[in-house]
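Worksheet for the structure shown next.
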Protein chains: 2
Amino acid sequence: MAEPKENLQMEKIVSLCKRRGFIFQSSEIYGGINGFWDYGPLGAELKRNVKELWWNAMTRQRDDVAGLEATIIMSPQIWKASGHVDTFSDPMIDCKTCKGRFRADQTDEIACPQKPSKCVNECHGEKTEARAFNLMFQTYVGPTATVADIAYLRPETAQAIFAQFKNVLETSRQKVPFGIAQVGKAFRNEVTPRNFTFRSREFEQMELEFFIKPDEVVEAIHGEVFKCSVSSVQPEAAELKTENLKLETPQPNWGWQAWHQYWVEERVRFYEGIGLSRETLGFHHQTPAELAHYARACTDILFKFPFSKKDEQGNAAGDELEGIAARGDFDLSQHARFSGKPMGVFDDELRAAWAKLPEAKQKDLRQRYYENRKKYLAKMGVEDKQAEKDAEQDANGLAKGQYIPHVIEPSAGVDRLILALIANAYTEVTKTDDKGKSETTVVMKFHPRVAPIKAGVLPLLKNKPELVKKALAVRDLLRPWMNVFYDDGGSIGRRYARQDEAGTPFCVTIDFDTLGEKPELLDTVTIRYRDDGRQERLKISELLDFLLSKIR
Amino acid sequence: MAEPKENLQMEKIVSLCKRRGFIFQSSEIYGGINGFWDYGPLGAELKRNVKELWWNAMTRQRDDVAGLEATIIMSPQIWKASGHVDTFSDPMIDCKTCKGRFRADQTDEIACPQKPSKCVNECHGEKTEARAFNLMFQTYVGPTATVADIAYLRPETAQAIFAQFKNVLETSRQKVPFGIAQVGKAFRNEVTPRNFTFRSREFEQMELEFFIKPDEVVEAIHGEVFKCSVSSVQPEAAELKTENLKLETPQPNWGWQAWHQYWVEERVRFYEGIGLSRETLGFHHQTPAELAHYARACTDILFKFPFSKKDEQGNAAGDELEGIAARGDFDLSQHARFSGKPMGVFDDELRAAWAKLPEAKQKDLRQRYYENRKKYLAKMGVEDKQAEKDAEQDANGLAKGQYIPHVIEPSAGVDRLILALIANAYTEVTKTDDKGKSETTVVMKFHPRVAPIKAGVLPLLKNKPELVKKALAVRDLLRPWMNVFYDDGGSIGRRYARQDEAGTPFCVTIDFDTLGEKPELLDTVTIRYRDDGRQERLKISELLDFLLSKIR
């Protein structure tokens, strides 16, 4: 039974988070509020760094992605079109005796609210039938609070991207394939928030909707769709690593499988780049039974959290950091139907290519596109005749260069990633001194790119004005470029230990040699590395470039 | 009557925002949702830049401010303590005939919902008495939706800072005076959102709560409180500029007036640093009648928007970008009383100083502190005897080095600032060509620090592979350091015009001279300045440093 050890590990992490100001319980002085967490000074910096790195990698460093920042409260129609109003719910039962309300699938895990016991097992009261409980937080917009004023806090950031797809397309000089990226808060009224910040009621997402040509369109233009060497539905992590390096550079003849695979690989590269090695990650390829009805494939990238379930050999698969879903043209189609606004694009490359296709090929592609559209419409409950008519019209669009783009959605949770980074960084180091006395300290081994503080700047002694003056000059040299922490309190060893616990990768110490006590060391400082305690001497004139090369 | 011209100016700005992807109506395809706005690709970058600059200036570049990122939904107790549950409301009246609901103070401005007319003036139905309508959005947390589950979307970010004051103090190695900074969304169910994004229902704030010693404590430690040369209650803008430069470097003997003045000045420097000159700003010093009951002073920094009201001379005072309030110890005191958790700090400098004070001085300071505390408690409805007892206890704390910090709050609205930056940047340029044909284009003269795109990278011709290759190399050189836009479509003049409209301060053109057609110009590019069209030649090896020096 490894259980207690993992609980202990989580307890230590939660304690460190509170003690060092990474994460606090929201509204703690009022007893907290279940499922809500605040980020303290170090946590806020860590989170900013992660979001900034994602935005940079996904948007600024690419020509083919544009950003968006939409509101949390949107028209409720959006959630009707997306299906959230009707189906974003958990089954709940009420106990008529204890008046508790429980998730129908968790009744044996949850304590009865009226006594410290398991409800179903010990409170033998009569239960209601399971009813759907919608997870969206509801509110009213405007002064009258009528049914017409109902609005929801978004349960995901993705839908705003679909709703603004045409506006972004028309203003950003993008054409398919291209993506729209967004970072922002989302809310789910989880019945049982759990595992610290892993499942909370208010959380932040980093989502990309990457719009691609349907396979029929790729085939019309390029003759055939690039075949992936590995099925994107059931690849193994090892194969991802070795066989798909060719998927690093997008190609015009990619279909949805290659794009899906590419984004899985691209996102894994991102996690590696911020310190989560492939060994700490897992992959889950959703089975047909798990997939949403509109999805063609979904690969979850997992992280092995201390609370992740282990098999009999003690191996954890991990819990989800991010899902990369191939969602077809479901979302844009839904918004087109619900809003009455066209969501298709015009593609002159397609129109030109189509005109040159043999008739048989046109017929084949047209038929496949028609079938896909009809299948979607039928699934959405559109009556047969109408579905055939609409699908016919959609298929006619191909010849005019028109289609509804498909989408690949890499959707990551910020808070889960922060928790993964914290769990991954958490390291205990035990040192035994000359007298045999041993002490255990915590070193947070964050990748320098995400570390909340990049460098501690430490004058050897605080009561020597020349040291302090020089140290402040070093602080001011670095500060425009990175987050630094100036600390002159206590012994140098204690200050190193404090920075180790904050996860600061480098400490810069200003001592008498810096001032020229050894003339050959004038204007040099000591760089001390967090992870191994190694120290080396560096010229102040080289310090900024040195640190920038490490933290970027 | 200047009215129509200003309306036209706003129309042009709104149109540009939509056309170039700065700002879209939220949920536009569903007819929008009143009071909610989305930021498109350029708007999202502009907003990110502004928030990042604020965070940098207020947090990372200072030793005395720590960051926080708290949840939007918090314990409802927080809003009871802050007074929002009881008093954050507008007076509303209902018309019994047309069933419309109106702000009691705006009945003659608002169209009747049932006919295109003014309600009070033209729909002569019976009106209800004015009732308080709370502006907080309400929701339920958890599955039962009982009164005990009511929660609110925060109407300001400030209160989370007060609620987490002790946690931050204990984990961040700060001591008073120090601040806690937060950027995040807030929500107000405004009855009549208006003026584009200026007054919306979902908005973002950048707030600092800067905690200071009460004047009595400063006096106990330093003998006297530094006298401001200008009253912070009624300074003039011109005086702010010339007389208070001495308030650039915080001093230990500053009382609340100096700190208030310092933060007004500091925030004006921030606005100047992102392109809003003092001439575009205005100041409003709240009168005693305008001040919140707990506030000692509040200075609003205004911007002269196109919709700002003008006096008879045509001068606009402006509308509020930011308020800098001296809030005393009201907030921490309220949370101490409502949570039952102590919010005071221990200050060993005070304890040491107090012990050395003459008895008369102790008595005087103690009495003044006592009076302030009693006044606060009485105002909050604490019964006389109890108020005296509590104030007594608070005053006794001084000798032990204990007090409740006071606070200066610079509170800025992100969306208002974005709108100000857009309005300030908007410039029409009319050029007449040789044939006498004139054309008007828009140039968005953003300060390079906030500009969404820092540099356009343009190969002279898109069908010359050597030019394209070189241009992509320049793009890749700059991109890790700034947001660049690669554009090879259309004539170079058209591409400049597109970047002018996006507000891109620099265009970098790669031409045949770059490739060495004139050998002495090998590996040089043309830098073209947005604001005056000036062009100059620069070595590629110097390009990154040149641009970094301009945009940072």
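In the structure tokens, chains take letters A, B, ... by order of appearance, with residues numbered from 1 within each chain and ligands from 1 in the order shown.
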
Quick one: residues within 9 Å of B:Glu129, only C-alpha atoms counted, chain neighbours fewer than 5 positions away excluded, as an mmCIF file with all heavy atoms, in the first residue's frame?
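To be explicit, this is the file written out as selection.cif:
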data_model
loop_
_atom_site.group_PDB
_atom_site.id
_atom_site.type_symbol
_atom_site.label_atom_id
_atom_site.label_comp_id
_atom_site.auth_asym_id
_atom_site.auth_seq_id
_atom_site.Cartn_x
_atom_site.Cartn_y
_atom_site.Cartn_z
ATOM 1 N N MET B 92 -33.164 52.273 -8.505
ATOM 2 C CA MET B 92 -33.915 51.911 -9.708
ATOM 3 C C MET B 92 -35.400 52.177 -9.484
ATOM 4 O O MET B 92 -35.911 51.989 -8.383
ATOM 5 C CB MET B 92 -33.760 50.412 -9.994
ATOM 6 C CG MET B 92 -32.343 49.930 -10.133
ATOM 7 S SD MET B 92 -31.570 50.560 -11.633
ATOM 8 C CE MET B 92 -32.638 49.797 -12.828
ATOM 9 N N ILE B 93 -36.068 52.583 -10.553
ATOM 10 C CA ILE B 93 -37.533 52.651 -10.486
ATOM 11 C C ILE B 93 -38.122 51.799 -11.603
ATOM 12 O O ILE B 93 -37.521 51.626 -12.657
ATOM 13 C CB ILE B 93 -38.087 54.090 -10.600
ATOM 14 C CG1 ILE B 93 -37.648 54.718 -11.943
ATOM 15 C CG2 ILE B 93 -37.641 54.965 -9.442
ATOM 16 C CD1 ILE B 93 -38.420 55.964 -12.268
ATOM 17 N N ASP B 94 -39.285 51.233 -11.325
ATOM 18 C CA ASP B 94 -40.010 50.490 -12.350
ATOM 19 C C ASP B 94 -41.191 51.329 -12.819
ATOM 20 O O ASP B 94 -41.806 52.045 -12.024
ATOM 21 C CB ASP B 94 -40.548 49.163 -11.781
ATOM 22 C CG ASP B 94 -39.438 48.186 -11.476
ATOM 23 O OD1 ASP B 94 -38.433 48.196 -12.217
ATOM 24 O OD2 ASP B 94 -39.564 47.435 -10.489
#

Residues of chain A within 6 Å of chain B, counting only C-alpha atoms, as number ranges by chain
A: 20-21, 27, 29-30, 33, 38-41, 44, 60, 66-71, 74-75, 138-139, 171, 339, 483

Please produce an output containing N, CA, C and O atoms for each residue in the selection, written as a JSON list (two decimals), in the first residue's frame.
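Final output, saved to result-v6.json:
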[["chain", "number", "residue", "atom", "x", "y", "z"],
["A", 20, "ARG", "N", 5.49, 29.28, 1.55],
["A", 20, "ARG", "CA", 6.31, 30.15, 0.72],
["A", 20, "ARG", "C", 5.49, 31.07, -0.18],
["A", 20, "ARG", "O", 6.04, 31.79, -1.01],
["A", 21, "GLY", "N", 4.16, 31.03, -0.04],
["A", 21, "GLY", "CA", 3.36, 31.98, -0.82],
["A", 21, "GLY", "C", 3.20, 31.60, -2.28],
["A", 21, "GLY", "O", 3.14, 32.47, -3.14],
["A", 27, "SER", "N", -10.05, 33.22, 0.31],
["A", 27, "SER", "CA", -10.89, 33.69, 1.43],
["A", 27, "SER", "C", -10.57, 32.94, 2.72],
["A", 27, "SER", "O", -11.46, 32.68, 3.52],
["A", 29, "ILE", "N", -9.30, 33.65, 5.55],
["A", 29, "ILE", "CA", -9.67, 34.22, 6.86],
["A", 29, "ILE", "C", -11.15, 34.03, 7.16],
["A", 29, "ILE", "O", -11.57, 34.16, 8.30],
["A", 30, "TYR", "N", -11.94, 33.73, 6.14],
["A", 30, "TYR", "CA", -13.36, 33.44, 6.37],
["A", 30, "TYR", "C", -13.64, 31.94, 6.30],
["A", 30, "TYR", "O", -14.78, 31.53, 6.03],
["A", 33, "ILE", "N", -13.36, 28.89, 0.74],
["A", 33, "ILE", "CA", -14.52, 28.59, -0.10],
["A", 33, "ILE", "C", -14.09, 27.42, -0.97],
["A", 33, "ILE", "O", -13.09, 27.49, -1.68],
["A", 38, "ASP", "N", -6.09, 30.86, -4.36],
["A", 38, "ASP", "CA", -5.39, 32.09, -4.77],
["A", 38, "ASP", "C", -3.90, 31.81, -4.95],
["A", 38, "ASP", "O", -3.33, 30.97, -4.25],
["A", 39, "TYR", "N", -3.29, 32.54, -5.85],
["A", 39, "TYR", "CA", -1.85, 32.45, -6.03],
["A", 39, "TYR", "C", -1.17, 33.60, -5.31],
["A", 39, "TYR", "O", -1.47, 34.76, -5.57],
["A", 40, "GLY", "N", -0.26, 33.25, -4.39],
["A", 40, "GLY", "CA", 0.49, 34.25, -3.65],
["A", 40, "GLY", "C", 1.62, 34.82, -4.50],
["A", 40, "GLY", "O", 1.71, 34.53, -5.70],
["A", 41, "PRO", "N", 2.51, 35.62, -3.89],
["A", 41, "PRO", "CA", 3.54, 36.30, -4.68],
["A", 41, "PRO", "C", 4.36, 35.35, -5.58],
["A", 41, "PRO", "O", 4.52, 35.63, -6.77],
["A", 44, "ALA", "N", 1.95, 33.66, -8.22],
["A", 44, "ALA", "CA", 1.50, 34.58, -9.26],
["A", 44, "ALA", "C", 2.58, 34.75, -10.32],
["A", 44, "ALA", "O", 2.30, 34.79, -11.52],
["A", 60, "ARG", "N", 2.98, 34.41, -30.56],
["A", 60, "ARG", "CA", 3.96, 35.38, -31.05],
["A", 60, "ARG", "C", 5.07, 34.74, -31.89],
["A", 60, "ARG", "O", 5.60, 35.37, -32.79],
["A", 66, "ALA", "N", -3.30, 33.63, -34.33],
["A", 66, "ALA", "CA", -3.67, 34.96, -33.86],
["A", 66, "ALA", "C", -4.27, 34.83, -32.47],
["A", 66, "ALA", "O", -4.84, 33.80, -32.13],
["A", 67, "GLY", "N", -4.14, 35.87, -31.67],
["A", 67, "GLY", "CA", -4.65, 35.82, -30.30],
["A", 67, "GLY", "C", -6.04, 36.40, -30.17],
["A", 67, "GLY", "O", -6.53, 37.11, -31.04],
["A", 68, "LEU", "N", -6.68, 36.08, -29.06],
["A", 68, "LEU", "CA", -8.02, 36.59, -28.76],
["A", 68, "LEU", "C", -8.14, 36.71, -27.25],
["A", 68, "LEU", "O", -7.53, 35.93, -26.50],
["A", 69, "GLU", "N", -8.90, 37.72, -26.80],
["A", 69, "GLU", "CA", -9.20, 37.80, -25.37],
["A", 69, "GLU", "C", -10.66, 38.17, -25.22],
["A", 69, "GLU", "O", -11.04, 39.33, -25.31],
["A", 70, "ALA", "N", -11.48, 37.17, -25.02],
["A", 70, "ALA", "CA", -12.93, 37.34, -25.01],
["A", 70, "ALA", "C", -13.45, 37.39, -23.58],
["A", 70, "ALA", "O", -12.73, 37.11, -22.62],
["A", 71, "THR", "N", -14.72, 37.75, -23.45],
["A", 71, "THR", "CA", -15.31, 37.87, -22.12],
["A", 71, "THR", "C", -15.68, 36.51, -21.54],
["A", 71, "THR", "O", -15.87, 35.54, -22.26],
["A", 74, "MET", "N", -20.85, 35.54, -21.90],
["A", 74, "MET", "CA", -21.17, 35.74, -23.30],
["A", 74, "MET", "C", -22.67, 35.48, -23.49],
["A", 74, "MET", "O", -23.36, 35.13, -22.54],
["A", 75, "SER", "N", -23.12, 35.66, -24.70],
["A", 75, "SER", "CA", -24.53, 35.36, -24.97],
["A", 75, "SER", "C", -24.84, 33.92, -24.61],
["A", 75, "SER", "O", -24.09, 33.01, -24.97],
["A", 138, "GLN", "N", -24.52, 30.05, -13.10],
["A", 138, "GLN", "CA", -25.54, 30.86, -13.76],
["A", 138, "GLN", "C", -25.66, 32.21, -13.06],
["A", 138, "GLN", "O", -25.49, 32.31, -11.85],
["A", 139, "THR", "N", -25.94, 33.25, -13.83],
["A", 139, "THR", "CA", -26.22, 34.56, -13.23],
["A", 139, "THR", "C", -27.21, 35.29, -14.13],
["A", 139, "THR", "O", -27.71, 34.72, -15.10],
["A", 171, "THR", "N", -9.92, 39.98, -40.03],
["A", 171, "THR", "CA", -9.10, 41.11, -39.62],
["A", 171, "THR", "C", -7.62, 40.76, -39.46],
["A", 171, "THR", "O", -6.81, 41.65, -39.23],
["A", 339, "SER", "N", -26.68, 30.57, -35.05],
["A", 339, "SER", "CA", -26.64, 32.03, -35.25],
["A", 339, "SER", "C", -27.23, 32.43, -36.60],
["A", 339, "SER", "O", -27.56, 33.59, -36.81],
["A", 483, "ASN", "N", 12.94, 38.93, -13.20],
["A", 483, "ASN", "CA", 12.52, 39.11, -11.81],
["A", 483, "ASN", "C", 13.67, 38.71, -10.88],
["A", 483, "ASN", "O", 14.07, 37.55, -10.88]]

*Would you mind listing what lies within 12 Å of A:Asp394 as JSON, numbers by chain, with only C-alpha atoms counted and same-chain residues fewer than 2 positions away left out?*
{"A": [333, 342, 343, 344, 345, 366, 367, 368, 369, 370, 371, 372, 373, 374, 376, 377, 387, 388, 389, 390, 391, 392, 396, 397, 398, 399, 400, 401, 402, 403, 404]}

Once you have the residues from the selection above, write them out as a PDB file, in the first residue's frame, restricted to C-alpha atoms.
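Generated output (selection37.pdb):
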ATOM      1  CA  SER A 333     -21.290  24.050 -37.835  1.00  0.00           C
ATOM      2  CA  PRO A 342     -22.210  31.507 -42.334  1.00  0.00           C
ATOM      3  CA  MET A 343     -19.043  30.027 -40.812  1.00  0.00           C
ATOM      4  CA  GLY A 344     -17.498  28.680 -43.974  1.00  0.00           C
ATOM      5  CA  VAL A 345     -14.405  30.063 -45.651  1.00  0.00           C
ATOM      6  CA  ARG A 366     -18.163  15.620 -53.167  1.00  0.00           C
ATOM      7  CA  GLN A 367     -19.886  12.424 -52.069  1.00  0.00           C
ATOM      8  CA  ARG A 368     -17.573  11.955 -49.070  1.00  0.00           C
ATOM      9  CA  TYR A 369     -18.036  15.571 -48.006  1.00  0.00           C
ATOM     10  CA  TYR A 370     -21.789  15.210 -48.447  1.00  0.00           C
ATOM     11  CA  GLU A 371     -21.862  12.071 -46.294  1.00  0.00           C
ATOM     12  CA  ASN A 372     -19.920  13.740 -43.502  1.00  0.00           C
ATOM     13  CA  ARG A 373     -22.204  16.740 -43.506  1.00  0.00           C
ATOM     14  CA  LYS A 374     -25.319  14.603 -43.587  1.00  0.00           C
ATOM     15  CA  TYR A 376     -23.447  15.540 -38.629  1.00  0.00           C
ATOM     16  CA  LEU A 377     -26.869  17.034 -39.392  1.00  0.00           C
ATOM     17  CA  ALA A 387     -30.393  17.193 -43.705  1.00  0.00           C
ATOM     18  CA  GLU A 388     -30.042  15.878 -47.234  1.00  0.00           C
ATOM     19  CA  LYS A 389     -30.855  19.266 -48.680  1.00  0.00           C
ATOM     20  CA  ASP A 390     -28.438  21.107 -46.412  1.00  0.00           C
ATOM     21  CA  ALA A 391     -25.648  18.572 -46.938  1.00  0.00           C
ATOM     22  CA  GLU A 392     -26.204  18.855 -50.677  1.00  0.00           C
ATOM     23  CA  ASN A 396     -21.990  22.166 -53.719  1.00  0.00           C
ATOM     24  CA  GLY A 397     -19.771  24.707 -51.991  1.00  0.00           C
ATOM     25  CA  LEU A 398     -16.612  22.738 -52.753  1.00  0.00           C
ATOM     26  CA  ALA A 399     -16.684  23.640 -56.419  1.00  0.00           C
ATOM     27  CA  LYS A 400     -16.931  27.308 -55.424  1.00  0.00           C
ATOM     28  CA  GLY A 401     -13.982  26.929 -53.047  1.00  0.00           C
ATOM     29  CA  GLN A 402     -16.160  26.928 -49.936  1.00  0.00           C
ATOM     30  CA  TYR A 403     -16.052  24.682 -46.896  1.00  0.00           C
ATOM     31  CA  ILE A 404     -16.360  24.721 -43.134  1.00  0.00           C
TER      32      ILE A 404
END

Worksheet item: So how far away is atom CA of B:Cys228 from atom CA of B:Gln257, in Å?
Response: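 Atom CA of B:Cys228 lies 6.9 Å from atom CA of B:Gln257.
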
Can you list, as a VMD selection string, all residues belonging to stretch 162-275 of chain B that DSSP tags as helix (DSSP H, G or I)?
chain B and resid 162 to 163 165 to 171 215 to 222 237 to 243 245 to 248 256 to 273

**Request:** Quote the spacing between atom CA of A:Arg199 and atom CA of A:Ala81 in Å to one decimal place.
**Result:**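 Separation between atom CA of A:Arg199 and atom CA of A:Ala81: 25.6 Å.
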